[in-house]
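run-v2.txt follows; it contains compact mmCIF, C-alpha atoms.
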# COMPACT_ATOMS: atom_id res chain seq x y z
CA MET A 29 -108.41 -234.18 9.33
CA ASN A 30 -105.96 -235.17 12.08
CA ALA A 31 -105.53 -238.71 13.41
CA LEU A 32 -107.82 -238.15 16.39
CA ASN A 33 -110.56 -236.71 14.19
CA VAL A 34 -110.19 -239.60 11.70
CA ALA A 35 -110.60 -242.11 14.53
CA GLU A 36 -113.72 -240.33 15.82
CA TYR A 37 -115.14 -240.06 12.31
CA MET A 38 -114.64 -243.78 11.59
CA GLN A 39 -116.15 -244.75 14.96
CA SER A 40 -119.16 -242.61 14.03
CA LEU A 41 -119.52 -244.37 10.66
CA GLY A 42 -119.16 -247.74 12.38
CA LEU A 43 -121.86 -247.00 14.95
CA GLN A 44 -124.28 -245.77 12.27
CA ALA A 45 -123.58 -248.84 10.12
CA ARG A 46 -124.19 -251.20 13.04
CA GLN A 47 -127.50 -249.50 13.83
CA ALA A 48 -128.56 -249.55 10.17
CA SER A 49 -127.64 -253.25 9.84
CA ALA A 50 -130.37 -254.21 12.33
CA ARG A 51 -133.01 -252.57 10.12
CA MET A 52 -131.52 -254.04 6.92
CA ALA A 53 -131.54 -257.55 8.38
CA CYS A 54 -135.33 -257.42 8.71
CA ALA A 55 -136.03 -255.43 5.53
CA SER A 56 -138.58 -257.06 3.26
CA ALA A 57 -137.73 -258.35 -0.20
CA ALA A 58 -139.99 -255.62 -1.63
CA GLU A 59 -138.14 -252.85 0.25
CA LYS A 60 -134.73 -254.06 -0.92
CA SER A 61 -135.89 -254.53 -4.51
CA GLY A 62 -137.53 -251.09 -4.37
CA ALA A 63 -134.26 -249.47 -3.32
CA LEU A 64 -132.36 -251.20 -6.12
CA LYS A 65 -134.93 -250.22 -8.77
CA GLN A 66 -134.90 -246.63 -7.49
CA LEU A 67 -131.09 -246.60 -7.65
CA ALA A 68 -131.26 -247.74 -11.28
CA ARG A 69 -133.65 -244.86 -12.06
CA LEU A 70 -131.45 -242.32 -10.26
CA LEU A 71 -128.34 -243.47 -12.12
CA ARG A 72 -130.10 -243.02 -15.47
CA ASP A 73 -131.51 -239.61 -14.44
CA ASN A 74 -128.13 -238.27 -13.32
CA VAL A 75 -125.77 -239.30 -16.13
CA ALA A 76 -124.78 -235.68 -16.90
CA SER A 77 -124.08 -234.67 -13.29
CA LEU A 78 -122.21 -237.91 -12.60
CA GLN A 79 -119.99 -237.21 -15.59
CA GLN A 80 -119.32 -233.68 -14.31
CA ASP A 81 -118.07 -235.03 -10.98
CA ASN A 82 -116.16 -237.77 -12.77
CA ALA A 83 -114.46 -235.16 -14.97
CA LYS A 84 -112.90 -233.60 -11.83
CA ASP A 85 -111.26 -236.95 -10.98
CA ILE A 86 -110.10 -237.46 -14.56
CA GLU A 87 -108.64 -233.95 -14.70
CA ARG A 88 -106.82 -234.34 -11.37
CA ALA A 89 -105.48 -237.82 -12.30
CA THR A 90 -104.23 -236.61 -15.68
CA ALA A 91 -102.53 -233.58 -14.10
CA ALA A 92 -100.86 -235.87 -11.55
CA GLY A 93 -99.39 -237.93 -14.41
CA LEU A 94 -101.37 -241.10 -13.69
CA ALA A 95 -100.77 -243.74 -16.39
CA ALA A 96 -103.32 -243.80 -19.24
CA PRO A 97 -104.73 -247.28 -18.34
CA MET A 98 -105.30 -246.09 -14.75
CA VAL A 99 -107.05 -242.92 -15.96
CA ASP A 100 -109.19 -245.09 -18.22
CA ARG A 101 -110.30 -247.15 -15.21
CA LEU A 102 -111.65 -243.99 -13.58
CA LYS A 103 -114.06 -243.13 -16.38
CA LEU A 104 -117.82 -243.18 -15.83
CA THR A 105 -119.10 -243.27 -19.40
CA PRO A 106 -122.85 -243.37 -20.18
CA GLN A 107 -122.37 -247.04 -21.12
CA ILE A 108 -120.77 -247.85 -17.74
CA ILE A 109 -123.57 -246.01 -15.89
CA GLU A 110 -126.20 -247.91 -17.90
CA THR A 111 -124.45 -251.20 -17.07
CA LEU A 112 -124.60 -250.30 -13.38
CA ALA A 113 -128.33 -249.49 -13.67
CA VAL A 114 -129.02 -252.80 -15.42
CA GLY A 115 -127.02 -254.62 -12.73
CA CYS A 116 -129.21 -253.08 -10.02
CA GLU A 117 -132.36 -254.18 -11.86
CA GLN A 118 -131.00 -257.72 -12.31
CA LEU A 119 -130.24 -257.96 -8.59
CA ALA A 120 -133.71 -256.64 -7.76
CA ALA A 121 -135.24 -259.43 -9.87
CA MET A 122 -133.25 -262.21 -8.19
CA PRO A 123 -134.85 -264.27 -5.40
CA ASP A 124 -134.34 -262.99 -1.85
CA ILE A 125 -132.42 -265.69 0.03
CA ILE A 126 -132.45 -263.99 3.45
CA GLY A 127 -134.54 -266.03 5.88
CA ASP A 128 -134.40 -269.21 3.79
CA ILE A 129 -134.27 -272.33 5.97
CA ILE A 130 -132.38 -275.34 4.67
CA GLY A 131 -131.76 -278.91 5.85
CA MET A 132 -134.63 -279.06 8.35
CA LYS A 133 -134.55 -282.56 9.93
CA GLN A 134 -136.49 -284.24 12.68
CA GLN A 135 -134.28 -285.54 15.50
CA PRO A 136 -134.98 -288.59 17.73
CA SER A 137 -135.77 -286.20 20.61
CA GLY A 138 -138.63 -284.69 18.62
CA ILE A 139 -137.02 -281.34 17.85
CA ARG A 140 -136.52 -280.23 14.26
CA VAL A 141 -133.15 -278.67 13.39
CA GLY A 142 -132.26 -276.64 10.31
CA GLN A 143 -130.22 -273.63 9.23
CA MET A 144 -131.43 -270.14 8.34
CA ARG A 145 -129.59 -267.81 5.95
CA VAL A 146 -128.92 -264.41 7.54
CA PRO A 147 -126.85 -261.32 6.61
CA LEU A 148 -123.28 -261.02 7.88
CA GLY A 149 -124.13 -257.63 9.43
CA VAL A 150 -121.65 -254.92 8.42
CA PHE A 151 -118.87 -255.31 5.88
CA GLY A 152 -116.13 -252.84 5.11
CA MET A 153 -114.75 -252.63 1.61
CA VAL A 154 -111.49 -251.00 0.54
CA PHE A 155 -111.03 -250.67 -3.20
CA GLU A 156 -108.94 -248.81 -5.75
CA SER A 157 -109.57 -247.04 -9.06
CA ARG A 158 -112.90 -248.00 -10.61
CA PRO A 159 -115.76 -245.89 -9.15
CA ASN A 160 -118.34 -248.37 -10.50
CA VAL A 161 -117.36 -250.62 -7.56
CA THR A 162 -119.20 -248.16 -5.28
CA VAL A 163 -122.54 -249.09 -6.88
CA GLU A 164 -121.70 -252.79 -7.29
CA ALA A 165 -120.78 -253.14 -3.60
CA ALA A 166 -123.73 -251.02 -2.44
CA SER A 167 -126.27 -252.96 -4.51
CA LEU A 168 -124.98 -256.34 -3.29
CA SER A 169 -125.04 -255.04 0.28
CA ILE A 170 -128.66 -253.92 -0.07
CA LYS A 171 -129.78 -257.18 -1.68
CA SER A 172 -128.08 -259.30 1.00
CA GLY A 173 -129.58 -257.25 3.87
CA ASN A 174 -126.24 -255.94 5.13
CA ALA A 175 -124.88 -252.49 5.91
CA CYS A 176 -121.50 -251.49 4.47
CA ILE A 177 -118.76 -248.90 4.80
CA LEU A 178 -116.97 -248.23 1.51
CA ARG A 179 -113.54 -246.70 1.14
CA GLY A 180 -112.60 -246.04 -2.48
CA GLY A 181 -109.31 -244.77 -3.86
CA SER A 182 -108.47 -241.07 -3.50
CA GLU A 183 -108.16 -240.82 -7.29
CA ALA A 184 -111.94 -241.41 -7.64
CA ILE A 185 -113.19 -239.50 -4.60
CA GLU A 186 -115.54 -237.07 -6.42
CA SER A 187 -117.11 -239.85 -8.52
CA ASN A 188 -117.51 -242.09 -5.47
CA LYS A 189 -119.15 -239.31 -3.45
CA ALA A 190 -121.62 -238.60 -6.27
CA LEU A 191 -122.55 -242.28 -6.63
CA ALA A 192 -122.85 -242.77 -2.86
CA ARG A 193 -125.25 -239.81 -2.65
CA LEU A 194 -127.53 -241.53 -5.18
CA VAL A 195 -127.35 -244.82 -3.24
CA GLN A 196 -128.36 -243.08 0.01
CA GLN A 197 -131.16 -241.25 -1.78
CA ALA A 198 -132.49 -244.55 -3.15
CA LEU A 199 -132.38 -246.15 0.31
CA SER A 200 -134.26 -243.26 1.91
CA GLN A 201 -136.91 -243.24 -0.82
CA ALA A 202 -137.46 -246.98 -0.25
CA GLY A 203 -137.95 -246.43 3.49
CA LEU A 204 -134.58 -247.89 4.47
CA PRO A 205 -131.82 -246.17 6.47
CA ALA A 206 -129.46 -244.07 4.32
CA GLU A 207 -126.62 -245.10 6.68
CA ALA A 208 -126.91 -248.70 5.41
CA VAL A 209 -124.36 -247.65 2.75
CA GLN A 210 -121.73 -245.13 3.82
CA LEU A 211 -118.73 -243.88 1.88
CA VAL A 212 -115.63 -242.78 3.77
CA GLN A 213 -115.42 -239.11 2.75
CA THR A 214 -111.76 -238.55 3.70
CA THR A 215 -108.78 -239.65 1.61
CA ASP A 216 -106.60 -239.92 4.74
CA ARG A 217 -104.95 -243.36 4.74
CA GLU A 218 -105.50 -243.60 8.50
CA ALA A 219 -109.20 -244.17 7.74
CA VAL A 220 -108.33 -247.61 6.33
CA GLY A 221 -106.33 -248.45 9.45
CA GLN A 222 -109.35 -247.57 11.59
CA LEU A 223 -111.87 -249.39 9.38
CA ILE A 224 -110.02 -252.70 9.52
CA ALA A 225 -109.64 -252.55 13.31
CA MET A 226 -113.25 -252.03 14.50
CA PRO A 227 -114.58 -255.53 15.30
CA GLN A 228 -117.31 -253.96 17.44
CA PHE A 229 -118.79 -252.39 14.30
CA VAL A 230 -117.42 -254.29 11.28
CA ASP A 231 -117.90 -258.04 10.78
CA VAL A 232 -115.74 -258.61 7.70
CA ILE A 233 -113.39 -256.64 5.43
CA ILE A 234 -113.23 -257.08 1.65
CA PRO A 235 -110.19 -255.55 -0.09
CA ARG A 236 -110.23 -255.12 -3.88
CA GLY A 237 -107.06 -253.80 -5.43
CA GLY A 238 -103.37 -254.47 -5.87
CA LYS A 239 -101.38 -257.10 -4.01
CA GLY A 240 -99.78 -254.45 -1.74
CA LEU A 241 -103.18 -253.23 -0.52
CA ILE A 242 -104.46 -256.75 0.12
CA GLU A 243 -101.28 -257.82 1.93
CA ARG A 244 -101.45 -254.75 4.20
CA ILE A 245 -105.09 -255.36 5.08
CA SER A 246 -104.58 -259.10 5.65
CA ARG A 247 -101.66 -258.33 7.96
CA ASP A 248 -103.23 -255.52 10.00
CA ALA A 249 -106.96 -256.34 10.09
CA LYS A 250 -108.58 -257.24 13.40
CA VAL A 251 -111.67 -258.62 11.67
CA PRO A 252 -111.95 -261.49 9.15
CA VAL A 253 -110.87 -260.69 5.57
CA ILE A 254 -112.36 -262.11 2.34
CA LYS A 255 -109.52 -261.91 -0.17
CA HIS A 256 -107.28 -263.32 -2.84
CA LEU A 257 -103.68 -262.17 -3.26
CA ASP A 258 -102.78 -263.56 -6.68
CA GLY A 259 -104.44 -264.97 -9.77
CA ASN A 260 -101.78 -267.38 -11.04
CA CYS A 261 -104.23 -269.45 -13.12
CA HIS A 262 -103.30 -272.48 -15.24
CA VAL A 263 -104.58 -274.30 -18.29
CA TYR A 264 -103.48 -277.94 -18.47
CA VAL A 265 -103.75 -279.54 -21.92
CA ASP A 266 -104.20 -283.26 -21.35
CA ASP A 267 -103.52 -286.32 -23.48
CA PRO A 268 -105.97 -287.12 -25.13
CA VAL A 269 -107.46 -283.76 -26.14
CA ASP A 270 -109.35 -282.12 -29.00
CA ILE A 271 -106.44 -280.03 -30.33
CA ASP A 272 -108.54 -277.37 -32.07
CA MET A 273 -110.73 -276.89 -28.98
CA ALA A 274 -107.62 -276.69 -26.79
CA VAL A 275 -106.13 -273.97 -29.00
CA ARG A 276 -109.33 -271.91 -28.85
CA VAL A 277 -109.67 -272.21 -25.07
CA ALA A 278 -105.97 -271.62 -24.29
CA ASP A 279 -106.09 -268.55 -26.54
CA ASN A 280 -109.21 -267.14 -24.84
CA ALA A 281 -107.94 -267.88 -21.33
CA LYS A 282 -104.81 -265.83 -21.98
CA THR A 283 -105.65 -263.16 -24.53
CA GLN A 284 -109.37 -262.27 -24.14
CA LYS A 285 -108.13 -259.72 -21.58
CA TYR A 286 -104.71 -259.64 -19.95
CA SER A 287 -105.37 -257.70 -16.74
CA PRO A 288 -108.05 -259.74 -14.86
CA CYS A 289 -107.09 -262.11 -12.07
CA ASN A 290 -108.74 -265.03 -13.93
CA ALA A 291 -106.56 -264.74 -17.06
CA ALA A 292 -104.30 -267.78 -17.58
CA GLU A 293 -100.66 -267.21 -16.64
CA GLY A 294 -99.36 -270.79 -16.99
CA LEU A 295 -99.85 -273.33 -19.78
CA LEU A 296 -99.03 -276.98 -19.04
CA VAL A 297 -99.02 -279.46 -21.93
CA ALA A 298 -98.96 -283.25 -21.70
CA ARG A 299 -95.96 -284.70 -23.57
CA GLY A 300 -98.16 -286.92 -25.72
CA VAL A 301 -99.85 -283.94 -27.42
CA ALA A 302 -97.06 -281.34 -27.18
CA ARG A 303 -95.87 -281.62 -30.80
CA ALA A 304 -99.40 -281.43 -32.17
CA PHE A 305 -100.62 -278.64 -29.88
CA LEU A 306 -97.74 -276.31 -29.05
CA PRO A 307 -96.90 -275.01 -32.56
CA LYS A 308 -100.58 -274.15 -33.12
CA ILE A 309 -101.02 -272.19 -29.89
CA ALA A 310 -97.57 -270.59 -30.32
CA ALA A 311 -98.63 -269.26 -33.73
CA VAL A 312 -101.70 -267.66 -32.12
CA TYR A 313 -99.71 -266.16 -29.24
CA ALA A 314 -96.95 -264.90 -31.55
CA ALA A 315 -99.49 -263.16 -33.78
CA LYS A 316 -100.93 -261.41 -30.70
CA GLY A 317 -97.56 -260.42 -29.30
CA VAL A 318 -97.63 -262.74 -26.28
CA GLU A 319 -94.19 -263.46 -24.84
CA MET A 320 -93.68 -267.20 -24.25
CA ARG A 321 -91.41 -268.22 -21.36
CA CYS A 322 -90.81 -271.94 -21.80
CA ASP A 323 -89.04 -274.86 -20.17
CA ALA A 324 -86.32 -276.62 -22.21
CA GLU A 325 -88.67 -279.25 -23.69
CA ALA A 326 -91.27 -276.71 -24.83
CA ARG A 327 -88.52 -274.54 -26.36
CA GLN A 328 -87.26 -277.54 -28.31
CA VAL A 329 -90.75 -278.22 -29.71
CA LEU A 330 -91.12 -274.51 -30.56
CA GLU A 331 -87.71 -274.20 -32.22
CA GLY A 332 -89.05 -272.02 -35.05
CA PHE A 333 -90.72 -269.53 -32.64
CA LYS A 334 -89.30 -266.73 -30.53
CA THR A 335 -89.31 -267.96 -26.91
CA THR A 336 -87.35 -267.21 -23.76
CA GLU A 337 -86.18 -269.61 -21.09
CA ALA A 338 -88.48 -269.79 -18.04
CA THR A 339 -86.99 -269.30 -14.59
CA GLU A 340 -88.25 -270.93 -11.41
CA GLN A 341 -90.01 -267.65 -10.53
CA ASP A 342 -91.99 -267.76 -13.79
CA TRP A 343 -93.98 -270.76 -12.54
CA TYR A 344 -95.23 -268.61 -9.61
CA GLU A 345 -95.79 -265.40 -11.58
CA GLU A 346 -99.03 -263.50 -12.08
CA TYR A 347 -98.10 -261.41 -15.15
CA LEU A 348 -101.38 -259.53 -15.84
CA ALA A 349 -99.73 -258.85 -19.20
CA PRO A 350 -99.15 -260.51 -22.62
CA VAL A 351 -96.71 -263.03 -21.10
CA ILE A 352 -97.29 -266.73 -20.41
CA SER A 353 -95.18 -269.53 -18.94
CA ILE A 354 -95.25 -272.84 -20.85
CA LYS A 355 -94.12 -276.23 -19.58
CA VAL A 356 -94.30 -279.77 -20.98
CA VAL A 357 -95.32 -282.31 -18.32
CA ALA A 358 -95.38 -286.11 -18.44
CA GLY A 359 -99.15 -286.27 -17.94
CA ILE A 360 -101.95 -285.59 -15.52
CA ASP A 361 -100.03 -286.57 -12.36
CA GLU A 362 -97.27 -284.04 -13.03
CA GLY A 363 -99.81 -281.47 -14.22
CA ILE A 364 -101.83 -281.64 -10.98
CA ALA A 365 -98.67 -281.66 -8.84
CA HIS A 366 -97.30 -278.57 -10.64
CA ILE A 367 -100.57 -276.66 -10.22
CA ASN A 368 -100.95 -277.50 -6.53
CA HIS A 369 -97.35 -276.41 -5.90
CA TYR A 370 -97.16 -273.18 -7.93
CA SER A 371 -100.78 -272.03 -8.34
CA SER A 372 -102.36 -269.27 -6.24
CA HIS A 373 -105.42 -271.57 -5.88
CA HIS A 374 -107.65 -269.14 -7.79
CA THR A 375 -108.77 -270.86 -11.03
CA ASP A 376 -107.30 -273.79 -12.97
CA ALA A 377 -108.62 -275.68 -16.00
CA ILE A 378 -108.06 -279.03 -17.72
CA LEU A 379 -108.68 -279.53 -21.44
CA THR A 380 -109.23 -283.23 -22.06
CA ARG A 381 -111.23 -285.99 -23.74
CA ASP A 382 -110.65 -288.39 -20.83
CA HIS A 383 -113.55 -288.43 -18.35
CA VAL A 384 -111.50 -290.14 -15.62
CA HIS A 385 -108.73 -287.51 -15.95
CA ALA A 386 -111.35 -284.74 -15.78
CA GLN A 387 -112.83 -286.16 -12.58
CA ARG A 388 -109.38 -286.54 -11.01
CA PHE A 389 -108.54 -282.93 -11.87
CA LEU A 390 -111.79 -281.68 -10.29
CA ARG A 391 -111.15 -283.67 -7.10
CA GLU A 392 -107.42 -283.18 -6.68
CA VAL A 393 -106.67 -279.61 -7.82
CA ASP A 394 -106.88 -277.44 -4.70
CA SER A 395 -108.29 -274.21 -6.17
CA ALA A 396 -111.36 -272.04 -5.61
CA SER A 397 -112.63 -272.66 -9.17
CA VAL A 398 -111.72 -275.78 -11.15
CA MET A 399 -112.83 -276.20 -14.77
CA VAL A 400 -113.08 -278.85 -17.46
CA ASN A 401 -112.89 -277.80 -21.13
CA ALA A 402 -113.64 -274.14 -20.39
CA SER A 403 -111.67 -270.90 -20.25
CA THR A 404 -110.44 -269.67 -16.87
CA ARG A 405 -111.97 -266.29 -17.83
CA PHE A 406 -115.36 -267.69 -16.76
CA ALA A 407 -114.34 -267.46 -13.06
CA ASP A 408 -116.60 -264.50 -12.38
CA GLY A 409 -119.72 -263.94 -10.29
CA PHE A 410 -121.84 -262.81 -13.23
CA GLU A 411 -120.71 -265.73 -15.44
CA PHE A 412 -121.37 -268.16 -12.57
CA GLY A 413 -124.96 -266.91 -12.30
CA LEU A 414 -124.45 -265.13 -8.96
CA GLY A 415 -125.89 -261.88 -10.38
CA ALA A 416 -122.76 -259.97 -9.48
CA GLU A 417 -119.67 -260.40 -7.35
CA ILE A 418 -118.03 -258.35 -4.66
CA GLY A 419 -114.69 -260.07 -5.08
CA ILE A 420 -113.03 -263.47 -5.31
CA SER A 421 -111.85 -265.47 -2.33
CA THR A 422 -109.08 -268.08 -2.32
CA ASP A 423 -109.59 -268.72 1.40
CA LYS A 424 -111.08 -272.04 2.46
CA PHE A 425 -113.54 -270.86 5.09
CA HIS A 426 -116.94 -269.19 4.64
CA ALA A 427 -116.69 -267.97 1.03
CA ARG A 428 -114.52 -269.47 -1.71
CA GLY A 429 -114.38 -268.39 -5.35
CA PRO A 430 -116.54 -265.51 -6.66
CA VAL A 431 -118.38 -263.90 -3.72
CA GLY A 432 -121.97 -262.96 -4.54
CA ILE A 433 -125.07 -262.48 -2.41
CA GLU A 434 -124.70 -265.86 -0.71
CA GLY A 435 -121.09 -265.06 0.22
CA LEU A 436 -122.33 -261.99 2.11
CA THR A 437 -124.53 -264.16 4.31
CA SER A 438 -124.06 -266.71 7.05
CA LEU A 439 -126.09 -269.62 8.39
CA LYS A 440 -127.45 -269.90 11.90
CA PHE A 441 -129.06 -272.99 13.40
CA VAL A 442 -132.77 -272.85 14.09
CA VAL A 443 -134.56 -275.35 16.29
CA LEU A 444 -138.32 -275.95 16.25
CA GLY A 445 -139.84 -277.79 19.16
CA ASN A 446 -143.11 -278.59 20.88
CA GLY A 447 -142.10 -278.54 24.52
CA GLU A 448 -139.41 -281.23 24.21
CA LEU A 449 -137.05 -281.64 27.20
CA ARG A 450 -133.56 -283.10 27.13
CA SER A 451 -133.36 -286.30 29.15
In C-alpha cells, write the structure found in this file.
Amino acid sequence: MNALNVAEYMQSLGLQARQASARMACASAAEKSGALKQLARLLRDNVASLQQDNAKDIERATAAGLAAPMVDRLKLTPQIIETLAVGCEQLAAMPDIIGDIIGMKQQPSGIRVGQMRVPLGVFGMVFESRPNVTVEAASLSIKSGNACILRGGSEAIESNKALARLVQQALSQAGLPAEAVQLVQTTDREAVGQLIAMPQFVDVIIPRGGKGLIERISRDAKVPVIKHLDGNCHVYVDDPVDIDMAVRVADNAKTQKYSPCNAAEGLLVARGVARAFLPKIAAVYAAKGVEMRCDAEARQVLEGFKTTEATEQDWYEEYLAPVISIKVVAGIDEGIAHINHYSSHHTDAILTRDHVHAQRFLREVDSASVMVNASTRFADGFEFGLGAEIGISTDKFHARGPVGIEGLTSLKFVVLGNGELRS
C-alpha cells in the first residue's frame, strides 16, 4: 500500500468510526452488554481457530529472531482467551455510567445545572505485542459507548485480525455497527502517522508500548494523547514503620513481576530505621538476584552484601528488570522531595506507622497514584475496581492514573429550566 493509498484508507476508517460513534453514544445498556456477552461466547467458541491464526504470528516472530520474552507476549493460550471472555462478562455486568447526571443544583435564577457523563466519541489506540489488548480495548470502547480505531504491532497482525473479526461479529449480532471497532489492517508505519493526525475523526489517542513509541506519538499527534512515558515508582520506608510489613511490601513491589510499569524502581529508607530494615530487605533481594544500586550511606549499612554505587542517573531510571536503586534519607521531608524531583509521577508508596506522615505523603507527593502501606503493584485498573484499564495516564488533565470506563468519557453541562429568562 503506497502513502496515498494509506492516507485514503485511514480517512475511510476515520469517517466510518465517526459515523459509528453517533450510534454507540445512544446505544442502550442492554445493547452494549449484549455485544460484550456475545463476544465472550465467540471467544470461547473459536479457541482453536484463534490459536491457528496466532501460530502464524508465533512462527513468523520466531523465524525473525524475536527475543523469547517478546514471542511469549504474542501467545494466545486457551487460558488467555478465557481470561478475555471473563473480562467481557465482567464489563457487561458493571453499571452503565453513560447518561448519568451528577451535581444537579438549583441556581438563584431558577435554572437547575448539572453535568452528564457522555462518551469521548472516537479514540485511536496504538499498541505493541500482546494481541489480547485488541479485545481489552474493544470491550472498554463498547462499554463506554465510544467507537475506536486500533492499530496493533505488525508482529501480532494475524491474531489481531482474527480477534477484531469476532468483535465486529459480536457488535453486528447485538444490533450495533460493526465499524464501532476497526482494526488497521496494514502494517505500514504511515498508518500511525495518519491516525494521530485526524482531529476531524479521532478525539483522543492512547499509545501503549515502549517509550520510543509513546514519545513519537506525543510529539507528532494533532489530537490529545492519554499517556505515561515512564514508571519510575518509589517505595519510601518511613520512621516509624512495622519492619516486617515493610520488608513484605518492598519485596512485592519490586519482585512480584519486574516488567510492569508499576513495579518499584527506587527504595528510600528513613535513617532512623535503616539499620533495622535494610539488611532484611537486602537478604530478600540478594536471594532473588536483584542488583542493588545504593548511595554511600546504604552501602555502609549493607557492608556484608554485594551492592554497587548508584549514579545520579539511577535515581531517574525505570529498570523493568531485577535492579533497584536504594537511598537513605533523613526522613519524610527528604523522601517527598526526592520523589517529586526524580519520580515519573506514576505510582509512589509510603510504608509508615505515623498517620500524620501518611497524610502528608498523600497530599504532597505529585503522582497519579499515591499509596499508604500497600505495594505499588496495585496501581492497575482491575485492582482499583475499574473493571479493566486501557492504559495509565500521568497527565494532569482529564484522566490520571489507570484509565477505565470513566476515563473514556467526558462531562457536559446540562441545564433544566422552566422558561427562565436572564435579567
(message) Just to confirm, what's the straight-line distance from atom CA of Ser56 of chain A to atom CA of Arg428 of chain A in Å (one decimal)?
(response) 27.5 Å
(request) Mind checking which residues fall within 9 Å of Ala76 of chain A, counting all atoms listed in the file, ignoring those fewer than 4 positions away in the same chain, and posting them as an MDAnalysis selection string? (result) chainID A and resid 80:81 106
(request) Would you kindly return, as a list in words, each protein, DNA or RNA residue with an atom no farther than 10 Å from any atom of Leu112 of chain A, considering all atoms listed in the file and excluding same-chain residues fewer than 6 positions away? (result) Leu67, Ala68, Leu71, Arg72, Pro106, Gln118, Asn160, Val161, Thr162, Val163, Glu164 and Ser167 of chain A
(request) Can you work out the spacing between atom CA of Arg388 of chain A and atom CA of Gly294 of chain A in Å, to one decimal? (result) 19.6 Å
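Minimum atom-to-atom distance to Ala120 of chain A, evaluated using only C-alpha atoms, belongs to A:Ile433 out of A:Ala315, A:Ile433, A:Ala175, A:Ala83.
Using all atoms listed in the file, the smallest distance between any of A:Arg46, A:Met153, A:Gly138, A:Lys171 and Leu223 of chain A comes from A:Met153.
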(message) Residues near Arg140 of chain A, anyone? I mean within 10 Å using all atoms listed in the file, not counting same-chain ones fewer than 6 positions away, as a VMD selection string.
(response) chain A and resid 131 to 134 442 to 446
(message) Between A:Val356, A:Lys103, A:Arg244, A:Asn174, which residue has the minimum interatomic distance to Ala89 of chain A, considering only C-alpha atoms?
(response) A:Lys103
(message) as a PyMOL selection string, please: the residues near Thr105 of chain A (cut-off 8 Å, all atoms listed in the file, same-chain neighbours under 3 positions excluded).
(response) chain A and resi 79+108-109
(message) So the first atom is atom CA of Ile177 of chain A and the second is atom CA of Val154 of chain A; what is the distance between them in Å, to one decimal place?
(response) 8.7 Å
(request) Using all atoms listed in the file, find the one residue out of A:Asn74, A:Ser40, A:Gln66, A:Ser421 that sits nearest to Ile234 of chain A. (result) A:Ser421
(request) Tell me, as number ranges by chain, which residues lie within 10 Å of Asp408 of chain A, counting all atoms listed in the file; anything in the same chain fewer than 5 positions away does not count. (result) A: 289-290, 397, 413-420, 429-432
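With all atoms listed in the file as the basis for measurement, A:Arg405 is the residue among A:Asn82, A:Phe151, A:Arg405, A:Asp342 that approaches Gln284 of chain A most closely.
Comparing the minimum interatomic distances between Leu439 of chain A and each of A:Ile86, A:Ala219, A:Leu148, A:Ile378, counting all atoms listed in the file, we find that A:Leu148 sits nearest.
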Size and centre in Å, one decimal, axis-aligned box, all listed segment 380-383 of chain A atoms plus 5 Å per side, as AutoDock Vina command-line options:
--center_x -111.4 --center_y -285.8 --center_z -21.0 --size_x 14.3 --size_y 15.2 --size_z 15.4
Could segment 89-98 of chain A be completed with N, CA, C and O atoms and written as a PDB file, keeping the file's coordinate frame, please?
ATOM      1  N   ALA A  89    -106.344-236.661 -12.041  1.00  0.00           N
ATOM      2  CA  ALA A  89    -105.480-237.820 -12.300  1.00  0.00           C
ATOM      3  C   ALA A  89    -104.533-237.561 -13.460  1.00  0.00           C
ATOM      4  O   ALA A  89    -103.356-237.912 -13.414  1.00  0.00           O
ATOM      5  N   THR A  90    -105.050-236.930 -14.504  1.00  0.00           N
ATOM      6  CA  THR A  90    -104.230-236.610 -15.680  1.00  0.00           C
ATOM      7  C   THR A  90    -103.134-235.607 -15.307  1.00  0.00           C
ATOM      8  O   THR A  90    -101.968-235.778 -15.684  1.00  0.00           O
ATOM      9  N   ALA A  91    -103.505-234.599 -14.532  1.00  0.00           N
ATOM     10  CA  ALA A  91    -102.530-233.580 -14.100  1.00  0.00           C
ATOM     11  C   ALA A  91    -101.452-234.191 -13.214  1.00  0.00           C
ATOM     12  O   ALA A  91    -100.296-233.750 -13.224  1.00  0.00           O
ATOM     13  N   ALA A  92    -101.812-235.217 -12.457  1.00  0.00           N
ATOM     14  CA  ALA A  92    -100.860-235.870 -11.550  1.00  0.00           C
ATOM     15  C   ALA A  92     -99.962-236.870 -12.293  1.00  0.00           C
ATOM     16  O   ALA A  92     -99.087-237.492 -11.686  1.00  0.00           O
ATOM     17  N   GLY A  93    -100.219-237.033 -13.605  1.00  0.00           N
ATOM     18  CA  GLY A  93     -99.390-237.930 -14.410  1.00  0.00           C
ATOM     19  C   GLY A  93     -99.724-239.404 -14.249  1.00  0.00           C
ATOM     20  O   GLY A  93     -98.881-240.270 -14.504  1.00  0.00           O
ATOM     21  N   LEU A  94    -100.949-239.699 -13.831  1.00  0.00           N
ATOM     22  CA  LEU A  94    -101.370-241.100 -13.690  1.00  0.00           C
ATOM     23  C   LEU A  94    -101.346-241.769 -15.071  1.00  0.00           C
ATOM     24  O   LEU A  94    -101.723-241.159 -16.070  1.00  0.00           O
ATOM     25  N   ALA A  95    -100.892-243.015 -15.119  1.00  0.00           N
ATOM     26  CA  ALA A  95    -100.770-243.740 -16.390  1.00  0.00           C
ATOM     27  C   ALA A  95    -102.122-243.826 -17.090  1.00  0.00           C
ATOM     28  O   ALA A  95    -103.171-243.929 -16.441  1.00  0.00           O
ATOM     29  N   ALA A  96    -102.086-243.804 -18.431  1.00  0.00           N
ATOM     30  CA  ALA A  96    -103.320-243.800 -19.240  1.00  0.00           C
ATOM     31  C   ALA A  96    -104.280-244.939 -18.879  1.00  0.00           C
ATOM     32  O   ALA A  96    -105.490-244.706 -18.753  1.00  0.00           O
ATOM     33  N   PRO A  97    -103.792-246.196 -18.699  1.00  0.00           N
ATOM     34  CA  PRO A  97    -104.730-247.280 -18.340  1.00  0.00           C
ATOM     35  C   PRO A  97    -105.424-247.018 -17.002  1.00  0.00           C
ATOM     36  O   PRO A  97    -106.592-247.362 -16.826  1.00  0.00           O
ATOM     37  N   MET A  98    -104.706-246.389 -16.048  1.00  0.00           N
ATOM     38  CA  MET A  98    -105.300-246.090 -14.750  1.00  0.00           C
ATOM     39  C   MET A  98    -106.365-244.989 -14.876  1.00  0.00           C
ATOM     40  O   MET A  98    -107.419-245.057 -14.244  1.00  0.00           O
TER      41      MET A  98
END
